[in-house]
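**Student:** Below you'll find my_file.txt; it's compact mmCIF, C-alpha atoms.
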```txt
# COMPACT_ATOMS: atom_id res chain seq x y z
CA MET E 1 4.40 -39.36 34.57
CA SER E 2 5.93 -35.90 34.90
CA ASP E 3 4.24 -32.69 33.88
CA SER E 4 6.99 -32.04 31.32
CA THR E 5 6.30 -35.40 29.63
CA LEU E 6 2.59 -34.62 29.45
CA ASP E 7 3.36 -31.20 27.96
CA ALA E 8 5.65 -32.76 25.36
CA ARG E 9 2.99 -35.30 24.35
CA ALA E 10 0.35 -32.53 24.12
CA ARG E 11 2.62 -30.52 21.87
CA ALA E 12 3.31 -33.58 19.69
CA SER E 13 -0.40 -34.32 19.45
CA ALA E 14 -1.12 -30.73 18.44
CA THR E 15 1.59 -30.90 15.78
CA ARG E 16 0.17 -34.12 14.33
CA SER E 17 -3.28 -32.57 14.05
CA VAL E 18 -2.15 -29.89 11.57
CA SER E 19 -3.04 -30.89 8.00
CA ASP E 20 -0.88 -30.22 4.96
CA VAL E 21 -2.26 -27.29 2.97
CA PHE E 22 -0.48 -28.68 -0.12
CA GLU E 23 -2.52 -31.90 0.02
CA LYS E 24 -5.07 -30.52 -2.43
CA SER E 25 -2.38 -30.33 -5.11
CA ARG E 26 -1.99 -34.11 -4.91
CA THR E 27 -5.66 -35.07 -4.57
CA HIS E 28 -7.74 -32.52 -6.51
CA ASP E 29 -10.62 -33.83 -8.61
CA ARG E 30 -8.96 -32.98 -11.94
CA LEU E 31 -5.61 -34.62 -11.26
CA GLU E 32 -6.33 -37.82 -13.20
CA GLN E 33 -7.62 -35.91 -16.24
CA LEU E 34 -4.65 -33.54 -16.13
CA GLU E 35 -2.13 -36.37 -16.08
CA ALA E 36 -3.89 -38.19 -18.93
CA ALA E 37 -3.93 -35.00 -21.00
CA LYS E 38 -0.21 -34.42 -20.40
CA GLN E 39 0.72 -37.98 -21.32
CA GLY E 40 -1.29 -37.81 -24.55
CA ASP E 41 -0.09 -34.28 -25.44
CA LEU E 42 -3.72 -33.21 -25.20
CA LEU E 43 -3.35 -30.29 -22.82
CA PRO E 44 -4.95 -27.32 -24.59
CA TYR E 45 -3.29 -24.75 -22.35
CA PHE E 46 0.17 -23.18 -22.15
CA ARG E 47 1.01 -23.95 -25.76
CA ILE E 48 4.02 -22.03 -27.05
CA LEU E 49 3.60 -19.07 -29.39
CA GLU E 50 6.82 -18.45 -31.36
CA SER E 51 5.89 -15.43 -33.46
CA GLN E 52 3.99 -12.16 -33.34
CA ALA E 53 0.27 -12.49 -32.65
CA GLY E 54 -1.20 -12.24 -36.14
CA PRO E 55 -3.88 -14.09 -38.14
CA VAL E 56 -1.32 -16.81 -38.93
CA VAL E 57 1.32 -17.63 -36.30
CA GLU E 58 4.13 -20.02 -35.55
CA MET E 59 3.14 -22.36 -32.72
CA GLU E 60 5.43 -25.14 -31.60
CA GLY E 61 7.27 -25.34 -34.89
CA ARG E 62 4.42 -25.11 -37.36
CA GLU E 63 2.32 -22.52 -39.14
CA THR E 64 -1.11 -22.21 -37.53
CA ILE E 65 -4.23 -20.21 -38.35
CA MET E 66 -4.96 -18.23 -35.20
CA LEU E 67 -8.62 -18.34 -34.18
CA GLY E 68 -7.95 -17.91 -30.48
CA SER E 69 -6.54 -14.42 -29.98
CA ASN E 70 -8.15 -11.28 -28.53
CA ASN E 71 -6.02 -9.13 -30.86
CA TYR E 72 -9.29 -7.95 -32.36
CA LEU E 73 -8.04 -5.09 -34.53
CA GLY E 74 -4.70 -6.71 -35.32
CA LEU E 75 -2.81 -3.74 -33.89
CA THR E 76 -0.15 -5.71 -31.99
CA THR E 77 1.80 -5.93 -35.25
CA ASP E 78 1.07 -2.40 -36.45
CA GLU E 79 4.35 -0.55 -36.94
CA ARG E 80 2.94 2.64 -35.43
CA VAL E 81 2.00 0.85 -32.21
CA LYS E 82 5.39 -0.85 -32.02
CA GLN E 83 7.12 2.47 -32.61
CA ALA E 84 5.09 4.05 -29.81
CA ALA E 85 6.31 1.25 -27.52
CA ARG E 86 9.91 1.77 -28.66
CA ASP E 87 9.70 5.51 -28.07
CA ALA E 88 8.40 4.94 -24.54
CA LEU E 89 11.14 2.40 -23.89
CA GLU E 90 13.85 4.81 -25.00
CA GLN E 91 12.39 7.74 -23.06
CA TYR E 92 11.61 6.00 -19.75
CA GLY E 93 13.55 2.71 -19.76
CA THR E 94 12.28 -0.79 -19.16
CA GLY E 95 10.36 0.00 -15.98
CA VAL E 96 9.55 2.72 -13.47
CA THR E 97 10.07 0.44 -10.43
CA GLY E 98 7.29 1.84 -8.32
CA SER E 99 3.55 2.18 -7.90
CA ARG E 100 1.50 4.88 -9.58
CA LEU E 101 0.99 6.45 -6.14
CA LEU E 102 4.71 7.00 -5.62
CA ASN E 103 7.25 7.18 -8.45
CA GLY E 104 5.34 5.21 -11.09
CA THR E 105 3.37 7.91 -12.91
CA THR E 106 4.89 9.26 -16.13
CA PRO E 107 3.56 11.84 -18.60
CA LEU E 108 2.43 8.88 -20.73
CA HIS E 109 0.04 7.74 -17.97
CA VAL E 110 -1.42 11.23 -17.73
CA GLU E 111 -1.85 11.49 -21.52
CA LEU E 112 -3.41 8.05 -21.73
CA GLU E 113 -5.90 8.75 -18.93
CA ARG E 114 -6.87 12.10 -20.47
CA GLU E 115 -7.39 10.62 -23.95
CA LEU E 116 -9.29 7.61 -22.61
CA ALA E 117 -11.69 9.91 -20.73
CA ASP E 118 -12.25 11.93 -23.88
CA TRP E 119 -12.83 8.76 -25.94
CA MET E 120 -15.21 7.26 -23.40
CA GLY E 121 -17.01 10.57 -22.83
CA THR E 122 -16.46 10.54 -19.06
CA GLU E 123 -15.04 13.05 -16.62
CA ASP E 124 -11.97 11.00 -15.77
CA THR E 125 -10.23 7.61 -16.02
CA ILE E 126 -7.71 5.69 -13.95
CA VAL E 127 -5.20 3.31 -15.57
CA PHE E 128 -4.25 0.05 -13.84
CA THR E 129 -1.40 -2.33 -14.64
CA THR E 130 -3.79 -5.11 -15.74
CA GLY E 131 -7.45 -5.45 -16.60
CA TYR E 132 -7.93 -7.95 -13.78
CA GLN E 133 -6.61 -5.42 -11.28
CA SER E 134 -8.96 -2.78 -12.68
CA ASN E 135 -12.06 -4.77 -11.79
CA LEU E 136 -10.61 -6.08 -8.57
CA GLY E 137 -9.51 -2.65 -7.38
CA ALA E 138 -12.61 -0.70 -8.38
CA ILE E 139 -15.23 -3.12 -7.07
CA SER E 140 -13.45 -3.90 -3.80
CA SER E 141 -12.97 -0.17 -3.12
CA ILE E 142 -16.47 1.02 -3.98
CA LEU E 143 -18.22 -1.71 -2.02
CA GLU E 144 -17.92 -2.62 1.63
CA PRO E 145 -19.50 -5.13 4.04
CA GLY E 146 -23.18 -4.29 4.31
CA ASP E 147 -23.52 -3.31 0.64
CA THR E 148 -25.12 -5.55 -1.98
CA VAL E 149 -23.53 -6.39 -5.33
CA ILE E 150 -25.57 -8.02 -8.10
CA CYS E 151 -23.77 -9.87 -10.91
CA ASP E 152 -24.72 -11.76 -14.04
CA SER E 153 -23.72 -15.43 -13.71
CA GLY E 154 -21.67 -15.03 -16.90
CA ASP E 155 -19.53 -12.18 -15.54
CA HIS E 156 -15.75 -12.41 -15.76
CA ALA E 157 -13.83 -13.96 -12.86
CA SER E 158 -12.17 -10.64 -12.05
CA ILE E 159 -15.59 -9.16 -11.29
CA LEU E 160 -16.53 -12.00 -8.99
CA ASP E 161 -13.16 -11.84 -7.23
CA GLY E 162 -13.60 -8.11 -6.67
CA CYS E 163 -17.03 -8.75 -5.18
CA LYS E 164 -15.66 -11.37 -2.80
CA LEU E 165 -12.78 -9.14 -1.74
CA SER E 166 -15.16 -6.27 -0.95
CA GLY E 167 -17.06 -8.31 1.64
CA ALA E 168 -20.35 -7.10 0.15
CA ARG E 169 -23.38 -9.36 -0.04
CA LEU E 170 -23.21 -11.08 -3.45
CA ARG E 171 -26.48 -11.78 -5.26
CA PRO E 172 -25.93 -13.37 -8.70
CA PHE E 173 -28.69 -13.65 -11.30
CA ARG E 174 -29.08 -16.08 -14.17
CA HIS E 175 -27.35 -14.98 -17.38
CA ASN E 176 -29.22 -12.15 -19.15
CA ARG E 177 -32.45 -12.93 -17.25
CA MET E 178 -34.07 -9.61 -16.42
CA ASP E 179 -36.74 -11.18 -14.20
CA LYS E 180 -33.99 -12.69 -12.04
CA LEU E 181 -32.14 -9.36 -11.93
CA GLU E 182 -35.29 -7.63 -10.71
CA THR E 183 -35.71 -10.23 -7.98
CA MET E 184 -32.18 -9.54 -6.78
CA LEU E 185 -32.80 -5.78 -6.84
CA GLU E 186 -35.93 -6.30 -4.73
CA ARG E 187 -33.84 -8.25 -2.24
CA ALA E 188 -31.24 -5.47 -2.23
CA VAL E 189 -33.97 -3.04 -1.24
CA ALA E 190 -34.95 -5.39 1.56
CA ASP E 191 -31.27 -5.54 2.59
CA GLY E 192 -31.51 -1.80 3.22
CA SER E 193 -28.04 -1.19 1.78
CA GLY E 194 -26.28 0.40 -1.16
CA ALA E 195 -26.42 -1.69 -4.35
CA LEU E 196 -24.15 -2.03 -7.37
CA VAL E 197 -25.03 -4.05 -10.48
CA VAL E 198 -22.02 -5.26 -12.48
CA VAL E 199 -22.33 -6.85 -15.94
CA ASP E 200 -20.13 -7.57 -18.93
CA GLY E 201 -20.90 -5.53 -22.03
CA VAL E 202 -19.79 -8.49 -24.14
CA PHE E 203 -19.55 -11.80 -22.30
CA SER E 204 -16.10 -13.25 -22.82
CA MET E 205 -16.98 -16.94 -23.13
CA GLU E 206 -20.32 -16.82 -24.96
CA GLY E 207 -19.57 -13.71 -27.02
CA ASP E 208 -23.11 -12.39 -26.62
CA VAL E 209 -23.95 -8.74 -25.95
CA CYS E 210 -25.50 -7.79 -22.63
CA ASP E 211 -29.13 -6.67 -22.85
CA LEU E 212 -28.32 -3.26 -21.42
CA PRO E 213 -31.52 -1.21 -21.95
CA PRO E 214 -33.69 -3.14 -19.45
CA ILE E 215 -30.76 -3.32 -17.00
CA VAL E 216 -30.43 0.46 -17.08
CA GLU E 217 -34.17 0.83 -16.54
CA LEU E 218 -34.20 -1.59 -13.60
CA CYS E 219 -31.21 0.09 -11.96
CA ARG E 220 -32.91 3.46 -12.33
CA ARG E 221 -36.16 2.13 -10.87
CA TYR E 222 -34.50 0.62 -7.82
CA GLY E 223 -31.82 3.27 -7.29
CA ALA E 224 -28.85 0.96 -7.91
CA ARG E 225 -25.54 2.01 -9.45
CA LEU E 226 -24.42 0.26 -12.64
CA MET E 227 -20.94 -0.77 -13.77
CA VAL E 228 -20.26 -2.33 -17.20
CA ASP E 229 -17.12 -4.30 -18.03
CA GLU E 230 -16.30 -3.30 -21.62
CA ALA E 231 -13.16 -5.47 -21.93
CA HIS E 232 -14.46 -7.14 -25.10
CA GLY E 233 -16.46 -4.11 -26.24
CA VAL E 234 -13.94 -1.26 -26.44
CA GLY E 235 -12.42 -1.02 -29.88
CA VAL E 236 -15.17 -3.31 -31.17
CA LEU E 237 -18.68 -1.88 -30.72
CA GLY E 238 -20.19 1.55 -31.31
CA LYS E 239 -19.30 4.23 -33.85
CA ARG E 240 -16.33 5.40 -31.78
CA GLY E 241 -15.53 1.91 -30.54
CA ALA E 242 -16.39 2.90 -26.97
CA GLY E 243 -18.27 -0.36 -26.37
CA ALA E 244 -21.71 -1.78 -25.70
CA CYS E 245 -22.82 1.30 -23.76
CA GLU E 246 -22.20 3.45 -26.83
CA LEU E 247 -23.80 0.86 -29.11
CA PHE E 248 -27.05 1.12 -27.14
CA GLY E 249 -26.78 4.90 -26.67
CA LEU E 250 -26.62 4.48 -22.89
CA GLU E 251 -23.25 5.97 -22.01
CA ASP E 252 -24.80 8.66 -19.81
CA ASP E 253 -26.90 6.07 -17.96
CA VAL E 254 -24.00 3.85 -16.84
CA ASP E 255 -22.06 4.96 -13.77
CA LEU E 256 -18.73 3.20 -14.33
CA ARG E 257 -17.11 1.46 -17.29
CA MET E 258 -14.08 -0.77 -17.32
CA GLY E 259 -11.86 -1.54 -20.30
CA THR E 260 -8.64 -3.39 -21.07
CA PHE E 261 -5.59 -2.80 -23.25
CA SER E 262 -4.90 -6.50 -23.84
CA LYS E 263 -7.45 -6.87 -26.63
CA SER E 264 -8.19 -4.15 -29.18
CA LEU E 265 -5.63 -1.77 -27.66
CA ALA E 266 -2.74 -4.12 -28.39
CA SER E 267 -0.96 -3.95 -25.03
CA CYS E 268 -1.49 -4.94 -21.39
CA GLY E 269 -3.35 -2.99 -18.73
CA GLY E 270 -6.81 -1.70 -17.93
CA PHE E 271 -8.84 1.31 -16.92
CA ILE E 272 -11.94 2.51 -15.12
CA ALA E 273 -13.88 5.45 -16.59
CA GLY E 274 -16.44 7.46 -14.67
CA PRO E 275 -17.19 10.55 -12.54
CA GLU E 276 -14.17 12.53 -11.41
CA GLU E 277 -14.96 12.18 -7.71
CA VAL E 278 -15.19 8.39 -7.95
CA ILE E 279 -11.98 8.07 -9.98
CA GLU E 280 -10.15 10.32 -7.51
CA TYR E 281 -11.41 8.12 -4.68
CA LEU E 282 -10.05 5.03 -6.45
CA ARG E 283 -6.64 6.68 -6.77
CA ILE E 284 -6.31 6.88 -2.99
CA SER E 285 -8.21 3.75 -1.94
CA SER E 286 -7.80 0.98 -4.52
CA ARG E 287 -5.26 -1.48 -3.15
CA SER E 288 -4.53 -3.12 -6.52
CA PHE E 289 -3.63 0.36 -7.81
CA ILE E 290 -1.71 1.67 -4.80
CA PHE E 291 0.27 -1.48 -4.00
CA SER E 292 1.08 -2.70 -7.53
CA ALA E 293 3.99 -1.58 -9.67
CA SER E 294 3.09 0.71 -12.54
CA ALA E 295 2.91 -0.82 -16.02
CA VAL E 296 6.18 -0.79 -17.95
CA PRO E 297 6.48 2.32 -20.16
CA ALA E 298 6.46 0.32 -23.40
CA ALA E 299 3.02 -1.10 -22.51
CA VAL E 300 1.63 2.36 -21.77
CA GLY E 301 3.15 3.77 -24.96
CA ALA E 302 1.70 0.94 -27.04
CA ALA E 303 -1.78 1.41 -25.56
CA LEU E 304 -1.66 5.13 -26.26
CA GLY E 305 -0.49 4.51 -29.84
CA ALA E 306 -3.27 1.97 -30.43
CA LEU E 307 -5.89 4.29 -28.94
CA ARG E 308 -4.92 7.07 -31.34
CA ILE E 309 -5.20 4.71 -34.32
CA ILE E 310 -8.64 3.54 -33.18
CA ARG E 311 -9.84 7.11 -32.81
CA SER E 312 -8.70 8.00 -36.31
CA GLU E 313 -9.15 4.76 -38.28
CA GLY E 314 -11.26 2.56 -36.03
CA ALA E 315 -14.48 2.55 -38.05
CA GLU E 316 -12.91 0.68 -40.98
CA LEU E 317 -11.05 -1.75 -38.73
CA MET E 318 -14.15 -2.54 -36.65
CA ALA E 319 -16.26 -3.06 -39.76
CA ARG E 320 -13.75 -5.59 -41.11
CA LEU E 321 -13.56 -7.32 -37.73
CA LEU E 322 -17.32 -7.76 -37.37
CA ASP E 323 -17.66 -8.78 -41.02
CA ASN E 324 -15.08 -11.52 -40.42
CA ALA E 325 -16.95 -12.67 -37.31
CA ALA E 326 -20.26 -12.84 -39.17
CA TYR E 327 -18.59 -14.76 -42.01
CA LEU E 328 -17.07 -17.37 -39.69
CA ARG E 329 -20.29 -17.78 -37.71
CA GLN E 330 -22.23 -18.43 -40.90
CA GLY E 331 -19.51 -20.85 -42.01
CA PHE E 332 -19.96 -22.82 -38.79
CA ARG E 333 -23.72 -22.86 -39.29
CA ASP E 334 -23.29 -24.13 -42.85
CA LEU E 335 -21.15 -26.97 -41.47
CA GLY E 336 -23.98 -27.93 -39.13
CA LEU E 337 -22.13 -26.88 -35.99
CA LYS E 338 -24.04 -25.44 -33.08
CA VAL E 339 -22.86 -21.92 -32.28
CA VAL E 340 -23.73 -19.62 -29.41
CA GLU E 341 -26.00 -17.01 -30.95
CA PRO E 342 -24.97 -13.43 -30.20
CA GLY E 343 -28.44 -12.02 -29.58
CA THR E 344 -30.15 -9.08 -31.27
CA LEU E 345 -30.06 -5.31 -31.05
CA PRO E 346 -33.15 -3.13 -30.48
CA ASP E 347 -33.50 -2.65 -34.25
CA GLY E 348 -33.68 -6.44 -34.71
CA SER E 349 -30.23 -6.85 -36.27
CA GLU E 350 -27.77 -9.46 -35.07
CA ALA E 351 -25.48 -8.27 -32.26
CA THR E 352 -22.25 -9.48 -33.87
CA THR E 353 -19.11 -9.62 -31.72
CA PRO E 354 -15.61 -11.00 -32.42
CA VAL E 355 -16.22 -14.04 -30.18
CA VAL E 356 -17.80 -17.00 -31.99
CA PRO E 357 -18.10 -20.06 -29.72
CA VAL E 358 -18.96 -23.56 -30.94
CA ILE E 359 -20.87 -25.76 -28.48
CA VAL E 360 -19.12 -29.13 -28.07
CA GLY E 361 -20.67 -30.70 -24.96
CA GLU E 362 -18.47 -32.88 -22.79
CA ASP E 363 -15.07 -31.67 -21.64
CA TRP E 364 -13.07 -34.60 -22.97
CA GLN E 365 -14.64 -34.40 -26.42
CA ALA E 366 -13.78 -30.69 -26.50
CA VAL E 367 -10.14 -31.45 -25.67
CA LEU E 368 -9.91 -34.13 -28.37
CA LEU E 369 -11.52 -31.84 -30.94
CA TRP E 370 -9.18 -29.01 -30.00
CA LYS E 371 -6.14 -31.29 -30.43
CA ALA E 372 -7.32 -32.58 -33.82
CA LEU E 373 -7.74 -29.01 -35.04
CA PHE E 374 -4.42 -27.92 -33.56
CA ASP E 375 -2.60 -30.79 -35.29
CA ALA E 376 -4.31 -29.83 -38.55
CA GLY E 377 -3.20 -26.20 -38.28
CA VAL E 378 -6.02 -24.29 -36.54
CA TYR E 379 -5.71 -22.88 -33.02
CA THR E 380 -8.83 -22.28 -30.94
CA ASN E 381 -9.50 -21.77 -27.23
CA VAL E 382 -11.20 -24.41 -25.09
CA ALA E 383 -13.64 -23.50 -22.34
CA LEU E 384 -14.27 -26.33 -19.88
CA HIS E 385 -16.20 -26.65 -16.62
CA PRO E 386 -16.18 -24.63 -14.32
CA ALA E 387 -15.66 -21.80 -16.86
CA VAL E 388 -18.87 -23.10 -18.46
CA PRO E 389 -21.72 -25.23 -17.04
CA PRO E 390 -21.21 -29.04 -16.87
CA GLY E 391 -21.73 -30.56 -20.30
CA GLY E 392 -21.43 -27.13 -21.94
CA ALA E 393 -17.81 -27.18 -23.12
CA LEU E 394 -17.02 -24.73 -25.91
CA LEU E 395 -14.46 -24.17 -28.60
CA ARG E 396 -14.16 -20.39 -28.35
CA THR E 397 -13.01 -18.85 -31.59
CA SER E 398 -12.27 -15.16 -32.00
CA LEU E 399 -11.56 -13.01 -35.02
CA MET E 400 -9.24 -10.20 -36.06
CA ALA E 401 -9.77 -7.35 -38.49
CA THR E 402 -6.60 -8.53 -40.23
CA HIS E 403 -7.87 -12.03 -41.04
CA GLU E 404 -8.02 -12.48 -44.80
CA ARG E 405 -11.02 -14.28 -46.29
CA GLU E 406 -8.83 -17.07 -47.70
CA GLN E 407 -7.46 -17.73 -44.20
CA LEU E 408 -10.98 -18.13 -42.84
CA ASP E 409 -11.97 -20.34 -45.78
CA ARG E 410 -8.94 -22.56 -45.15
CA ALA E 411 -9.82 -22.78 -41.46
CA LEU E 412 -13.39 -23.80 -42.33
CA GLU E 413 -12.06 -26.49 -44.71
CA ILE E 414 -9.90 -27.91 -41.92
CA ILE E 415 -12.77 -27.79 -39.44
CA ALA E 416 -15.09 -29.52 -41.90
CA ASP E 417 -12.56 -32.32 -42.37
CA VAL E 418 -11.92 -32.77 -38.63
CA LYS E 419 -15.63 -32.58 -37.78
CA GLY E 420 -16.22 -35.87 -39.58
CA ARG E 421 -14.25 -37.68 -36.87
CA PHE E 422 -16.65 -36.41 -34.19
CA PRO E 423 -20.16 -37.68 -35.00
CA ASP E 424 -21.48 -36.80 -31.52
CA LEU E 425 -20.98 -33.06 -31.85
CA PRO E 426 -24.15 -31.02 -31.19
CA THR E 427 -25.76 -29.78 -34.39
CA GLY E 428 -27.20 -26.38 -35.15
```
Would you encode the structure as structure tokens?

**Tutor:**
Amino acid sequence: MSDSTLDARARASATRSVSDVFEKSRTHDRLEQLEAAKQGDLLPYFRILESQAGPVVEMEGRETIMLGSNNYLGLTTDERVKQAARDALEQYGTGVTGSRLLNGTTPLHVELERELADWMGTEDTIVFTTGYQSNLGAISSILEPGDTVICDSGDHASILDGCKLSGARLRPFRHNRMDKLETMLERAVADGSGALVVVDGVFSMEGDVCDLPPIVELCRRYGARLMVDEAHGVGVLGKRGAGACELFGLEDDVDLRMGTFSKSLASCGGFIAGPEEVIEYLRISSRSFIFSASAVPAAVGAALGALRIIRSEGAELMARLLDNAAYLRQGFRDLGLKVVEPGTLPDGSEATTPVVPVIVGEDWQAVLLWKALFDAGVYTNVALHPAVPPGGALLRTSLMATHEREQLDRALEIIADVKGRFPDLPTG
């Protein structure tokens, strides 16, 4: 046999040994469930919204009470916010077609960053195109291989992805367990490296408030830096609406804070607030900032318009929002449903947030319950494994300041009726 034949066979053998990277799309462990859900019109995701995001919406041809939106203050339909978006559109067009580093910074970006810093009480802020990019860019830039990052197990995916991208040693601790956090800080000391603790101010799935005071004390004791994701806290908690850090009076004790525009600020985008030297470093080192196109002007204009409303009228809006959340949570309790409790504040009062999750249990039961409610005219969000632990599926409801009491009462009537078809639901 010739050498050329042997070479050809070796090349053929090598070619045959390469596996298809698309194989996982045909064999993943959720494929059977996904197909069954599609065939039964039970898929709770990618449903079509056909109207503005208000307390009552049009979804797939019918009127639906919206209990699954993060439009906490209801400002996406506020005429002043829409006008701010229109003004930005007319002034700067549909897009700036470049990154913030190059041609993508407008006067609106500068105004927004200045007003955010003033609102948050920090030296500076940096605005990203999305909230996800804010966490990803900040964490992956601040940390490097050899550092240690410590995260609550309930932290948002964008935090965990930023940690992975940084190459730092990741040490998670069990949700809101201060003894576990201290163990991880002790290990960080043993690592002999820099350490950053990152927690959510309000946890997005459970809706509970982070127990910040002992976290601040532990970080101080062990010399670790602290970053708080205020995505679900800004425009919701504190007298100014600056988030959980303000609520606890710990703004000066937290090194970095992150926030989003896609919730209370009625737009899309995100920001990091903190010391001027750190923010300036992010401007020249954060890859998700440098290599991503700037947000469209209308989004920046809308965020700036919403921020100005919150700073002038936020107290009343936030009071209505949290009152609605407390009302719905008590309604669920009265129906015998098991809700995730939000925790308590240092003064012993309930730490109410706009997120009110109902514990359902198994994934499939959660999907069936969601569909029954959707068909009856109530939209909720479904959280399934791995977003929650196995057997811990949730119906995640969330409130708006613009929900009227009769809308919530109607939703509770529908839920009470549907609940009777699900005798195995966990009880409170």

**Student:** Which polymer residues have any atom within 12 Å of an atom of region 53-64 of chain E, counting all atoms listed in the file, with same-chain residues fewer than 3 positions away left out, as a short mmCIF file (atom, residue, chain, number, x, y, z; two decimals) with C-alpha atoms, in the coordinates of the input?

**Tutor:**
```cif
data_model
loop_
_atom_site.label_atom_id
_atom_site.label_comp_id
_atom_site.auth_asym_id
_atom_site.auth_seq_id
_atom_site.Cartn_x
_atom_site.Cartn_y
_atom_site.Cartn_z
CA PHE E 46 0.17 -23.18 -22.15
CA ARG E 47 1.01 -23.95 -25.76
CA ILE E 48 4.02 -22.03 -27.05
CA LEU E 49 3.60 -19.07 -29.39
CA GLU E 50 6.82 -18.45 -31.36
CA LEU E 67 -8.62 -18.34 -34.18
CA GLY E 68 -7.95 -17.91 -30.48
CA SER E 69 -6.54 -14.42 -29.98
CA ASN E 70 -8.15 -11.28 -28.53
CA ASN E 71 -6.02 -9.13 -30.86
CA TYR E 72 -9.29 -7.95 -32.36
CA LEU E 73 -8.04 -5.09 -34.53
CA GLY E 74 -4.70 -6.71 -35.32
CA LEU E 75 -2.81 -3.74 -33.89
CA THR E 76 -0.15 -5.71 -31.99
CA THR E 77 1.80 -5.93 -35.25
CA ASP E 78 1.07 -2.40 -36.45
CA SER E 262 -4.90 -6.50 -23.84
CA LYS E 263 -7.45 -6.87 -26.63
CA ALA E 266 -2.74 -4.12 -28.39
CA SER E 267 -0.96 -3.95 -25.03
CA LEU E 321 -13.56 -7.32 -37.73
CA ASN E 324 -15.08 -11.52 -40.42
CA LEU E 373 -7.74 -29.01 -35.04
CA PHE E 374 -4.42 -27.92 -33.56
CA ASP E 375 -2.60 -30.79 -35.29
CA ALA E 376 -4.31 -29.83 -38.55
CA GLY E 377 -3.20 -26.20 -38.28
CA VAL E 378 -6.02 -24.29 -36.54
CA TYR E 379 -5.71 -22.88 -33.02
CA THR E 380 -8.83 -22.28 -30.94
CA SER E 398 -12.27 -15.16 -32.00
CA LEU E 399 -11.56 -13.01 -35.02
CA MET E 400 -9.24 -10.20 -36.06
CA ALA E 401 -9.77 -7.35 -38.49
CA THR E 402 -6.60 -8.53 -40.23
CA HIS E 403 -7.87 -12.03 -41.04
CA GLU E 404 -8.02 -12.48 -44.80
CA ARG E 405 -11.02 -14.28 -46.29
CA GLU E 406 -8.83 -17.07 -47.70
CA GLN E 407 -7.46 -17.73 -44.20
CA LEU E 408 -10.98 -18.13 -42.84
CA ARG E 410 -8.94 -22.56 -45.15
CA ALA E 411 -9.82 -22.78 -41.46
CA ILE E 414 -9.90 -27.91 -41.92
#
```

**Student:** In Å, with one decimal, what is the gap from CA of Leu337 (chain E) to CA of Leu34 (chain E)?

**Tutor:** 27.3 Å

**Student:** For region 232-234 of chain E, find every residue with an atom within 9 Å (counting only C-alpha atoms), except residues of its own chain fewer than 3 positions away, and show them as a ChimeraX atom specification.

**Tutor:** /E:70,72,200-204,207,209,229,237-238,240-245,259-260,263-265,353-355

**Student:** Using only C-alpha atoms, which of E:Met318, E:Leu160, E:Leu43, E:Ala88 sits nearest Ala302 (chain E)?

**Tutor:**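 Once distances to Ala302 (chain E) are computed over only C-alpha atoms, the minimum belongs to E:Ala88.
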
**Student:** Could you list, as a list of chain:residue names, every residue within 12 Å of Pro390 (chain E), counting only C-alpha atoms and ignoring same-chain residues fewer than 2 positions away?

**Tutor:** E:Val360, E:Gly361, E:Glu362, E:Asp363, E:Trp364, E:Ala383, E:Leu384, E:His385, E:Pro386, E:Ala387, E:Val388, E:Gly392, E:Ala393, E:Leu394

**Student:** For a quick check of your reading of the model, name the residues lying within 8 Å of the coordinate (-7.6, -2.6, -7.4), counting all atoms listed in the file, and write them as an MDAnalysis selection string.

**Tutor:** chainID E and resid 128 133:141 286:290

**Student:** Could you pull the residues within 9 Å of Ile159 (chain E), counting all atoms listed in the file, minus those fewer than 2 positions along the same chain, as a list of chain:residue names?

**Tutor:**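 In the requested form, the answer reads E:Tyr132, E:Asn135, E:Leu136, E:Ile139, E:Cys151, E:Asp155, E:His156, E:Ala157, E:Asp161, E:Gly162, E:Cys163, E:Lys164, E:Val198, E:Val199, E:Asp229.
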
**Student:** In Å to one decimal, how far is CA of Ser294 (chain E) from CA of Gly270 (chain E)?

**Tutor:**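 Atom-to-atom, CA of Gly270 (chain E) and CA of Ser294 (chain E) are spaced 11.5 Å apart.
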
**Student:** Which neighbours of region 422-426 of chain E fall inside 9 Å, counting all atoms listed in the file, when residues of the same chain fewer than 3 positions from it are skipped, and could you give them as an MDAnalysis selection string?

**Tutor:** chainID E and resid 336:338 359:361 365 369 418:419

**Student:** Please compute the CA of Ala372 (chain E)-CA of Gly420 (chain E) distance, one decimal, in Å.

**Tutor:**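 We find that CA of Ala372 (chain E) and CA of Gly420 (chain E) lie 11.1 Å from each other.
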
**Student:** My list of candidates is E:Asp179, E:Lys239, E:Lys24, E:Glu276. Which is closest to Pro214 (chain E) when distances are computed with only C-alpha atoms?

**Tutor:** E:Asp179

**Student:** Which of these residues is nearest to Gln52 (chain E), using only C-alpha atoms: E:Cys210, E:Val149, E:Met66, E:Tyr327?

**Tutor:**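 Closest residue, counting only C-alpha atoms: E:Met66.
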
**Student:** Counting all atoms listed in the file, which of E:Leu322, E:Thr427, E:Ser312, E:Pro389 gets nearest to Trp119 (chain E)?

**Tutor:**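 Once distances to Trp119 (chain E) are computed over all atoms listed in the file, the minimum belongs to E:Ser312.
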
**Student:** Can you report as AutoDock Vina command-line options the centre and edge lengths in Å, to one decimal, of an axis-aligned box around the listed atoms of region 301-315 of chain E padded with 8 Å on each side?

**Tutor:**
```
--center_x -5.7 --center_y 4.5 --center_z -31.6 --size_x 33.6 --size_y 23.1 --size_z 29.3
```
